[in-house]
file query_28.txt (compact mmCIF, C-alpha atoms)
# COMPACT_ATOMS: atom_id res chain seq x y z
CA MET A 1 -69.51 66.30 -50.15
CA THR A 2 -70.89 69.78 -50.52
CA ALA A 3 -72.75 71.31 -53.42
CA HIS A 4 -69.48 73.02 -54.43
CA THR A 5 -67.39 69.81 -54.56
CA LEU A 6 -66.70 68.37 -58.01
CA LYS A 7 -64.92 65.27 -59.33
CA PHE A 8 -63.69 64.62 -62.83
CA LYS A 9 -62.51 61.28 -64.22
CA THR A 10 -60.70 62.75 -67.21
CA THR A 11 -59.05 65.98 -68.25
CA LYS A 12 -61.52 66.20 -71.15
CA ASP A 13 -64.44 66.13 -68.69
CA PHE A 14 -62.79 68.89 -66.64
CA LEU A 15 -62.21 71.11 -69.70
CA LYS A 16 -65.77 70.50 -70.90
CA TYR A 17 -67.12 71.61 -67.50
CA ILE A 18 -65.01 74.78 -67.70
CA LYS A 19 -66.39 75.58 -71.17
CA ASP A 20 -70.01 74.63 -70.41
CA ASN A 21 -70.08 76.69 -67.19
CA ASP A 22 -68.11 79.71 -68.45
CA ILE A 23 -65.40 79.23 -65.78
CA GLN A 24 -62.89 82.09 -66.03
CA PHE A 25 -60.10 80.99 -63.65
CA VAL A 26 -58.65 77.80 -62.21
CA ASP A 27 -56.88 78.18 -58.89
CA MET A 28 -54.23 75.48 -58.34
CA ASN A 29 -53.84 74.91 -54.57
CA PHE A 30 -51.31 73.10 -52.40
CA THR A 31 -49.77 73.48 -48.97
CA ASP A 32 -46.15 73.67 -47.96
CA LEU A 33 -44.65 71.59 -45.17
CA ARG A 34 -45.45 74.28 -42.60
CA GLY A 35 -49.13 74.14 -43.55
CA LYS A 36 -49.21 77.45 -45.42
CA TRP A 37 -51.73 77.52 -48.24
CA GLN A 38 -50.03 78.19 -51.59
CA HIS A 39 -51.63 78.69 -54.98
CA THR A 40 -51.28 79.89 -58.51
CA THR A 41 -54.24 80.95 -60.62
CA GLU A 42 -54.47 80.15 -64.30
CA HIS A 43 -56.82 81.80 -66.77
CA ALA A 44 -59.13 79.06 -68.03
CA ALA A 45 -58.42 79.98 -71.66
CA GLY A 46 -54.75 79.08 -71.11
CA LEU A 47 -55.48 75.53 -69.99
CA ASP A 48 -55.54 72.56 -72.30
CA GLU A 49 -55.28 68.79 -72.03
CA TYR A 50 -51.50 68.79 -72.55
CA LYS A 51 -50.83 71.37 -69.83
CA LEU A 52 -53.12 69.72 -67.27
CA ASP A 53 -51.83 66.17 -67.91
CA ARG A 54 -48.16 67.18 -67.85
CA GLY A 55 -48.56 69.62 -64.94
CA ILE A 56 -47.71 73.27 -64.48
CA PHE A 57 -44.08 74.17 -63.86
CA PHE A 58 -43.16 76.61 -61.11
CA ASP A 59 -40.18 77.84 -59.10
CA GLY A 60 -39.90 75.77 -55.89
CA SER A 61 -37.38 78.18 -54.37
CA SER A 62 -40.24 80.62 -53.80
CA ILE A 63 -41.71 78.22 -51.21
CA ALA A 64 -39.96 78.54 -47.84
CA GLY A 65 -37.78 75.53 -47.05
CA TRP A 66 -38.38 73.66 -50.30
CA GLN A 67 -35.72 74.01 -52.98
CA PRO A 68 -32.54 76.03 -53.55
CA ILE A 69 -32.60 78.46 -56.48
CA ASN A 70 -30.19 76.32 -58.53
CA ASN A 71 -32.50 73.27 -58.34
CA SER A 72 -35.94 74.79 -58.09
CA ASP A 73 -37.98 73.48 -61.03
CA MET A 74 -41.12 71.77 -59.76
CA ILE A 75 -44.46 70.69 -61.18
CA ILE A 76 -47.99 71.28 -59.87
CA MET A 77 -50.04 68.21 -60.78
CA PRO A 78 -53.80 68.89 -60.59
CA ASP A 79 -55.90 66.25 -58.82
CA LEU A 80 -59.11 66.41 -60.83
CA GLY A 81 -60.82 64.23 -58.26
CA LYS A 82 -60.45 67.09 -55.73
CA VAL A 83 -62.06 70.16 -57.29
CA SER A 84 -64.44 72.71 -55.82
CA TYR A 85 -66.31 75.71 -57.13
CA ASP A 86 -65.29 78.92 -55.35
CA PRO A 87 -68.57 80.65 -54.42
CA PHE A 88 -66.75 83.75 -53.11
CA ALA A 89 -64.62 84.61 -56.16
CA ALA A 90 -65.60 87.69 -58.17
CA GLN A 91 -65.24 85.70 -61.42
CA LYS A 92 -66.28 82.09 -61.90
CA THR A 93 -63.39 80.11 -60.41
CA LEU A 94 -62.61 76.47 -59.74
CA LYS A 95 -60.18 75.48 -56.99
CA VAL A 96 -58.13 72.37 -57.71
CA PHE A 97 -56.10 70.57 -55.06
CA CYS A 98 -52.71 69.60 -56.42
CA ASP A 99 -49.76 67.33 -55.81
CA ILE A 100 -46.21 68.57 -56.22
CA HIS A 101 -43.67 66.63 -58.29
CA ASN A 102 -39.96 67.05 -59.03
CA ALA A 103 -39.40 68.37 -62.54
CA GLU A 104 -36.22 66.28 -63.02
CA ASP A 105 -37.72 62.84 -62.50
CA GLY A 106 -41.48 63.49 -62.34
CA LYS A 107 -41.76 61.73 -58.97
CA PRO A 108 -43.82 63.09 -56.05
CA TYR A 109 -41.91 65.70 -54.07
CA LYS A 110 -40.78 64.42 -50.65
CA LEU A 111 -41.77 67.64 -48.80
CA ASP A 112 -45.26 67.92 -50.28
CA PRO A 113 -47.73 67.17 -47.45
CA ARG A 114 -50.05 65.29 -49.83
CA SER A 115 -47.14 63.09 -50.99
CA ILE A 116 -46.18 62.46 -47.36
CA ALA A 117 -49.76 61.49 -46.48
CA LYS A 118 -50.05 59.17 -49.50
CA SER A 119 -46.74 57.49 -48.59
CA ALA A 120 -47.90 57.06 -44.99
CA GLU A 121 -51.19 55.48 -46.14
CA LYS A 122 -49.32 53.14 -48.48
CA TYR A 123 -46.91 52.14 -45.71
CA LEU A 124 -49.72 51.52 -43.22
CA ALA A 125 -51.54 49.29 -45.69
CA SER A 126 -48.41 47.34 -46.69
CA SER A 127 -47.32 46.84 -43.07
CA GLY A 128 -50.71 45.52 -42.00
CA MET A 129 -50.87 48.09 -39.18
CA ALA A 130 -53.98 49.78 -40.54
CA ASP A 131 -56.00 50.12 -43.69
CA THR A 132 -57.21 53.67 -43.09
CA ALA A 133 -55.45 56.84 -41.97
CA TYR A 134 -57.04 60.18 -41.20
CA PHE A 135 -55.16 63.46 -41.61
CA GLY A 136 -56.41 66.92 -40.83
CA PRO A 137 -55.43 70.37 -39.69
CA GLU A 138 -54.78 71.28 -36.09
CA ALA A 139 -57.17 74.10 -35.38
CA GLU A 140 -55.59 76.74 -33.20
CA PHE A 141 -57.01 80.11 -32.34
CA PHE A 142 -56.60 82.86 -29.80
CA ILE A 143 -59.27 84.89 -28.03
CA PHE A 144 -58.25 88.35 -26.96
CA ASP A 145 -60.04 90.47 -24.37
CA ASP A 146 -58.36 93.63 -25.58
CA VAL A 147 -56.44 94.74 -28.66
CA LYS A 148 -54.77 98.14 -28.97
CA ILE A 149 -53.19 99.45 -32.15
CA HIS A 150 -50.84 102.43 -31.99
CA MET A 151 -50.19 104.46 -35.12
CA ASP A 152 -48.23 107.61 -34.43
CA MET A 153 -46.12 109.73 -36.74
CA ASN A 154 -42.89 108.12 -35.54
CA LYS A 155 -43.95 104.65 -34.34
CA VAL A 156 -46.39 101.84 -34.96
CA GLY A 157 -47.26 99.03 -32.56
CA PHE A 158 -49.87 96.85 -30.99
CA GLU A 159 -50.79 95.23 -27.70
CA VAL A 160 -52.97 92.21 -27.11
CA ASP A 161 -54.39 91.07 -23.80
CA SER A 162 -56.22 87.94 -22.82
CA GLU A 163 -57.47 86.84 -19.46
CA GLU A 164 -56.07 83.41 -20.33
CA GLY A 165 -52.58 84.72 -21.12
CA PRO A 166 -49.80 83.28 -18.91
CA TYR A 167 -48.49 86.83 -18.43
CA ASN A 168 -51.67 87.55 -16.40
CA SER A 169 -51.21 84.77 -13.81
CA GLY A 170 -51.02 87.23 -10.90
CA ARG A 171 -53.82 89.52 -12.01
CA ASP A 172 -57.32 89.56 -10.47
CA TYR A 173 -60.32 89.69 -12.81
CA ASP A 174 -64.04 90.18 -12.22
CA THR A 175 -64.47 86.54 -13.21
CA GLY A 176 -61.84 85.36 -10.71
CA LYS A 177 -58.11 84.83 -10.85
CA GLY A 178 -56.11 84.79 -14.07
CA PRO A 179 -54.67 81.66 -15.70
CA VAL A 180 -53.39 78.80 -13.58
CA SER A 181 -50.27 78.11 -15.67
CA SER A 182 -47.44 80.53 -15.04
CA ASP A 183 -44.75 78.68 -17.02
CA PHE A 184 -45.86 79.20 -20.61
CA SER A 185 -42.60 77.72 -21.98
CA ASN A 186 -43.84 74.25 -20.97
CA ASP A 187 -47.47 74.59 -22.04
CA PHE A 188 -46.98 72.33 -25.10
CA ALA A 189 -44.36 69.95 -23.74
CA PRO A 190 -45.40 66.29 -23.63
CA SER A 191 -45.76 64.89 -20.13

call {"tool": "encode", "arguments": {"input": "query_28.txt", "output": "structure tokens"}}
result
Amino acid sequence: MTAHTLKFKTTKDFLKYIKDNDIQFVDMNFTDLRGKWQHTTEHAAGLDEYKLDRGIFFDGSSIAGWQPINNSDMIIMPDLGKVSYDPFAAQKTLKVFCDIHNAEDGKPYKLDPRSIAKSAEKYLASSGMADTAYFGPEAEFFIFDDVKIHMDMNKVGFEVDSEEGPYNSGRDYDTGKGPVSSDFSNDFAPS
């Protein structure tokens, strides 16, 4: 736990912390099934016990792949055990991790990654396969040796180059030959 991580047992405790520390905004955070970080920010003055306990309604059709427009009412349910202070915000802001629920029945939404993880943990425990599961992001990044951006009056474009790029398999570099793999379509295929 870092110095910015907070936990609250009750909504009253959370609201008291907001008041006592002059918090201006509460940022409700969740991820979609593709791993994209989503959020909505509420002004702290607009939050009360009723709103936090019942959840905050939003339009699920605005999240790619979630709900059709004719059935899009969803609820953001704050997890007050997963709160952090945002040290980079211009105004005092708390970030709250949230679960997503269906507005019709109040049940956890089947495409919410947190709901999926909780269901998986519950299944593992009930099946006797395991009592602990670890979930985390897959860190991916790219290192480029050269980036060119073109901005002309009639066109815009870019080029990226990397010594490791499969498109450079036949090129000679000062550090030696280019990448070994020449078939980039199979780079992520299981063997």

call {"tool": "closest_residue", "arguments": {"input": "query_28.txt", "among": "A:Leu33, A:Ala44, A:Gln38, A:Ser119", "to": "Lys16 in chain A", "atoms": "all atoms listed in the file"}}
result
A:Ala44

call {"tool": "residues_near_point", "arguments": {"input": "query_28.txt", "point": "(-35.0, 74.8, -58.5)", "cutoff": "10 Å", "atoms": "only C-alpha atoms", "output": "list in words"}}
result
Phe58, Asp59, Gly60, Ser61, Ser62, Trp66, Gln67, Pro68, Ile69, Asn70, Asn71, Ser72, Asp73, Met74, Asn102, Ala103 and Glu104 of chain A

call {"tool": "closest_residue", "arguments": {"input": "query_28.txt", "among": "A:Ile18, A:Ile116, A:Met28, A:Ala45", "to": "Val96 in chain A", "atoms": "only C-alpha atoms"}}
result
A:Met28

call {"tool": "closest_residue", "arguments": {"input": "query_28.txt", "among": "A:Pro137, A:Gly55, A:Gly170, A:Pro87", "to": "His101 in chain A", "atoms": "only C-alpha atoms"}}
result
A:Gly55

call {"tool": "atom_distance", "arguments": {"input": "query_28.txt", "atom1": "CA of Asp32 in chain A", "atom2": "CA of Gly136 in chain A"}}
result
14.2 Å

call {"tool": "residues_around", "arguments": {"input": "query_28.txt", "residues": "Asn29 in chain A", "least_positions_apart": "6", "cutoff": "9 Å", "atoms": "only C-alpha atoms", "output": "NGL selection string"}}
result
:A and (37-41 or 76 or 78 or 95-99)

call {"tool": "closest_residue", "arguments": {"input": "query_28.txt", "among": "A:Thr93, A:Thr31, A:Asn21, A:Asn154", "to": "Pro113 in chain A", "atoms": "only C-alpha atoms"}}
result
A:Thr31

call {"tool": "closest_residue", "arguments": {"input": "query_28.txt", "among": "A:Glu42, A:Ile75, A:Val83, A:Lys155", "to": "Phe57 in chain A", "atoms": "all atoms listed in the file"}}
result
A:Ile75

call {"tool": "closest_residue", "arguments": {"input": "query_28.txt", "among": "A:Lys122, A:Lys107, A:Lys12, A:Lys92", "to": "Leu52 in chain A", "atoms": "all atoms listed in the file"}}
result
A:Lys12

call {"tool": "residues_around", "arguments": {"input": "query_28.txt", "residues": "range 3-9 of chain A", "least_positions_apart": "4", "cutoff": "7 Å", "atoms": "only C-alpha atoms", "output": "list in words"}}
result
Asp13, Phe14, Leu80, Gly81, Lys82, Val83, Ser84 and Tyr85 of chain A

call {"tool": "write_last_selection", "arguments": {"input": "query_28.txt", "atoms": "C-alpha atoms", "output": "PDB file, in the frame of the given file"}}
result
ATOM      1  CA  ASP A  13     -64.440  66.130 -68.690  1.00  0.00           C
ATOM      2  CA  PHE A  14     -62.790  68.890 -66.640  1.00  0.00           C
ATOM      3  CA  LEU A  80     -59.110  66.410 -60.830  1.00  0.00           C
ATOM      4  CA  GLY A  81     -60.820  64.230 -58.260  1.00  0.00           C
ATOM      5  CA  LYS A  82     -60.450  67.090 -55.730  1.00  0.00           C
ATOM      6  CA  VAL A  83     -62.060  70.160 -57.290  1.00  0.00           C
ATOM      7  CA  SER A  84     -64.440  72.710 -55.820  1.00  0.00           C
ATOM      8  CA  TYR A  85     -66.310  75.710 -57.130  1.00  0.00           C
TER       9      TYR A  85
END

call {"tool": "atom_distance", "arguments": {"input": "query_28.txt", "atom1": "CA of Tyr134 in chain A", "atom2": "CA of Glu121 in chain A"}}
result
9.0 Å

call {"tool": "atom_distance", "arguments": {"input": "query_28.txt", "atom1": "CA of Thr10 in chain A", "atom2": "CA of Leu47 in chain A"}}
result
14.1 Å

call {"tool": "decode", "arguments": {"input": "query_28.txt", "residues": "range 139-183 of chain A", "atoms": "N, CA and C atoms", "output": "mmCIF file, in the first residue's frame"}}
result
data_model
loop_
_atom_site.group_PDB
_atom_site.id
_atom_site.type_symbol
_atom_site.label_atom_id
_atom_site.label_comp_id
_atom_site.auth_asym_id
_atom_site.auth_seq_id
_atom_site.Cartn_x
_atom_site.Cartn_y
_atom_site.Cartn_z
ATOM 1 N N ALA A 139 1.822 -5.885 -19.648
ATOM 2 C CA ALA A 139 2.561 -4.695 -20.058
ATOM 3 C C ALA A 139 3.159 -4.904 -21.444
ATOM 4 N N GLU A 140 2.781 -4.068 -22.357
ATOM 5 C CA GLU A 140 3.349 -4.110 -23.702
ATOM 6 C C GLU A 140 3.849 -2.709 -24.041
ATOM 7 N N PHE A 141 4.948 -2.653 -24.719
ATOM 8 C CA PHE A 141 5.469 -1.366 -25.140
ATOM 9 C C PHE A 141 6.307 -1.568 -26.390
ATOM 10 N N PHE A 142 6.570 -0.487 -27.067
ATOM 11 C CA PHE A 142 7.354 -0.518 -28.286
ATOM 12 C C PHE A 142 8.480 0.498 -28.174
ATOM 13 N N ILE A 143 9.648 0.133 -28.664
ATOM 14 C CA ILE A 143 10.783 1.053 -28.671
ATOM 15 C C ILE A 143 11.096 1.352 -30.124
ATOM 16 N N PHE A 144 11.055 2.621 -30.455
ATOM 17 C CA PHE A 144 11.329 3.037 -31.827
ATOM 18 C C PHE A 144 12.712 3.669 -31.910
ATOM 19 N N ASP A 145 13.414 3.376 -33.001
ATOM 20 C CA ASP A 145 14.706 4.006 -33.248
ATOM 21 C C ASP A 145 14.540 5.331 -33.971
ATOM 22 N N ASP A 146 13.401 5.478 -34.654
ATOM 23 C CA ASP A 146 13.185 6.683 -35.442
ATOM 24 C C ASP A 146 11.685 6.919 -35.592
ATOM 25 N N VAL A 147 11.270 8.149 -35.427
ATOM 26 C CA VAL A 147 9.879 8.538 -35.644
ATOM 27 C C VAL A 147 9.889 9.798 -36.481
ATOM 28 N N LYS A 148 9.126 9.778 -37.581
ATOM 29 C CA LYS A 148 9.010 10.953 -38.447
ATOM 30 C C LYS A 148 7.542 11.340 -38.541
ATOM 31 N N ILE A 149 7.276 12.617 -38.376
ATOM 32 C CA ILE A 149 5.911 13.128 -38.491
ATOM 33 C C ILE A 149 5.893 14.111 -39.652
ATOM 34 N N HIS A 150 4.946 13.907 -40.563
ATOM 35 C CA HIS A 150 4.814 14.769 -41.737
ATOM 36 C C HIS A 150 3.545 15.602 -41.589
ATOM 37 N N MET A 151 3.690 16.910 -41.671
ATOM 38 C CA MET A 151 2.527 17.792 -41.618
ATOM 39 C C MET A 151 2.667 18.820 -42.722
ATOM 40 N N ASP A 152 2.085 18.507 -43.858
ATOM 41 C CA ASP A 152 2.099 19.423 -44.992
ATOM 42 C C ASP A 152 0.716 20.029 -45.163
ATOM 43 N N MET A 153 0.614 20.985 -46.075
ATOM 44 C CA MET A 153 -0.650 21.660 -46.295
ATOM 45 C C MET A 153 -1.742 20.683 -46.750
ATOM 46 N N ASN A 154 -1.378 19.683 -47.513
ATOM 47 C CA ASN A 154 -2.375 18.782 -48.085
ATOM 48 C C ASN A 154 -2.286 17.340 -47.594
ATOM 49 N N LYS A 155 -1.424 17.047 -46.626
ATOM 50 C CA LYS A 155 -1.345 15.685 -46.103
ATOM 51 C C LYS A 155 -0.683 15.670 -44.727
ATOM 52 N N VAL A 156 -1.050 14.648 -43.979
ATOM 53 C CA VAL A 156 -0.479 14.433 -42.652
ATOM 54 C C VAL A 156 -0.137 12.950 -42.559
ATOM 55 N N GLY A 157 0.982 12.621 -41.939
ATOM 56 C CA GLY A 157 1.352 11.215 -41.810
ATOM 57 C C GLY A 157 2.471 11.015 -40.823
ATOM 58 N N PHE A 158 2.846 9.775 -40.661
ATOM 59 C CA PHE A 158 3.941 9.444 -39.761
ATOM 60 C C PHE A 158 4.617 8.167 -40.232
ATOM 61 N N GLU A 159 5.836 7.980 -39.779
ATOM 62 C CA GLU A 159 6.592 6.762 -40.017
ATOM 63 C C GLU A 159 7.294 6.411 -38.714
ATOM 64 N N VAL A 160 7.318 5.127 -38.405
ATOM 65 C CA VAL A 160 8.081 4.664 -37.257
ATOM 66 C C VAL A 160 9.045 3.596 -37.738
ATOM 67 N N ASP A 161 10.193 3.535 -37.108
ATOM 68 C CA ASP A 161 11.176 2.523 -37.480
ATOM 69 C C ASP A 161 11.791 1.974 -36.203
ATOM 70 N N SER A 162 12.027 0.692 -36.211
ATOM 71 C CA SER A 162 12.655 0.029 -35.089
ATOM 72 C C SER A 162 13.566 -1.058 -35.626
ATOM 73 N N GLU A 163 14.735 -1.124 -35.075
ATOM 74 C CA GLU A 163 15.680 -2.159 -35.467
ATOM 75 C C GLU A 163 15.074 -3.544 -35.253
ATOM 76 N N GLU A 164 14.170 -3.658 -34.286
ATOM 77 C CA GLU A 164 13.548 -4.940 -33.970
ATOM 78 C C GLU A 164 12.345 -5.261 -34.844
ATOM 79 N N GLY A 165 11.909 -4.318 -35.675
ATOM 80 C CA GLY A 165 10.729 -4.530 -36.506
ATOM 81 C C GLY A 165 10.922 -5.648 -37.519
ATOM 82 N N PRO A 166 9.924 -6.525 -37.691
ATOM 83 C CA PRO A 166 10.044 -7.632 -38.643
ATOM 84 C C PRO A 166 10.233 -7.151 -40.083
ATOM 85 N N TYR A 167 9.828 -5.940 -40.380
ATOM 86 C CA TYR A 167 9.997 -5.376 -41.715
ATOM 87 C C TYR A 167 11.460 -5.034 -42.012
ATOM 88 N N ASN A 168 12.332 -5.131 -40.999
ATOM 89 C CA ASN A 168 13.755 -4.847 -41.174
ATOM 90 C C ASN A 168 14.612 -6.116 -41.150
ATOM 91 N N SER A 169 14.028 -7.275 -41.422
ATOM 92 C CA SER A 169 14.770 -8.537 -41.291
ATOM 93 C C SER A 169 15.951 -8.638 -42.255
ATOM 94 N N GLY A 170 15.917 -7.950 -43.382
ATOM 95 C CA GLY A 170 17.021 -8.034 -44.338
ATOM 96 C C GLY A 170 17.994 -6.876 -44.261
ATOM 97 N N ARG A 171 17.792 -5.980 -43.336
ATOM 98 C CA ARG A 171 18.608 -4.775 -43.246
ATOM 99 C C ARG A 171 19.817 -4.989 -42.346
ATOM 100 N N ASP A 172 20.952 -4.422 -42.707
ATOM 101 C CA ASP A 172 22.152 -4.463 -41.867
ATOM 102 C C ASP A 172 22.200 -3.207 -40.997
ATOM 103 N N TYR A 173 22.573 -3.398 -39.738
ATOM 104 C CA TYR A 173 22.706 -2.296 -38.788
ATOM 105 C C TYR A 173 24.122 -2.290 -38.244
ATOM 106 N N ASP A 174 24.519 -1.173 -37.650
ATOM 107 C CA ASP A 174 25.834 -1.074 -37.011
ATOM 108 C C ASP A 174 25.984 -2.114 -35.906
ATOM 109 N N THR A 175 24.867 -2.451 -35.282
ATOM 110 C CA THR A 175 24.898 -3.410 -34.176
ATOM 111 C C THR A 175 24.777 -4.853 -34.663
ATOM 112 N N GLY A 176 24.686 -5.051 -35.959
ATOM 113 C CA GLY A 176 24.553 -6.406 -36.516
ATOM 114 C C GLY A 176 23.353 -6.484 -37.423
ATOM 115 N N LYS A 177 22.879 -7.671 -37.658
ATOM 116 C CA LYS A 177 21.715 -7.891 -38.515
ATOM 117 C C LYS A 177 20.442 -7.441 -37.808
ATOM 118 N N GLY A 178 19.387 -7.288 -38.587
ATOM 119 C CA GLY A 178 18.079 -6.922 -38.053
ATOM 120 C C GLY A 178 17.447 -8.099 -37.321
ATOM 121 N N PRO A 179 16.129 -8.058 -37.113
ATOM 122 C CA PRO A 179 15.451 -9.091 -36.346
ATOM 123 C C PRO A 179 15.531 -10.461 -37.019
ATOM 124 N N VAL A 180 15.471 -11.489 -36.184
ATOM 125 C CA VAL A 180 15.549 -12.852 -36.692
ATOM 126 C C VAL A 180 14.232 -13.259 -37.323
ATOM 127 N N SER A 181 13.105 -12.918 -36.678
ATOM 128 C CA SER A 181 11.793 -13.313 -37.174
ATOM 129 C C SER A 181 11.449 -12.529 -38.427
ATOM 130 N N SER A 182 11.007 -13.210 -39.464
ATOM 131 C CA SER A 182 10.584 -12.500 -40.658
ATOM 132 C C SER A 182 9.098 -12.674 -40.886
ATOM 133 N N ASP A 183 8.442 -13.586 -40.127
ATOM 134 C CA ASP A 183 7.026 -13.831 -40.284
ATOM 135 C C ASP A 183 6.302 -13.251 -39.074
#
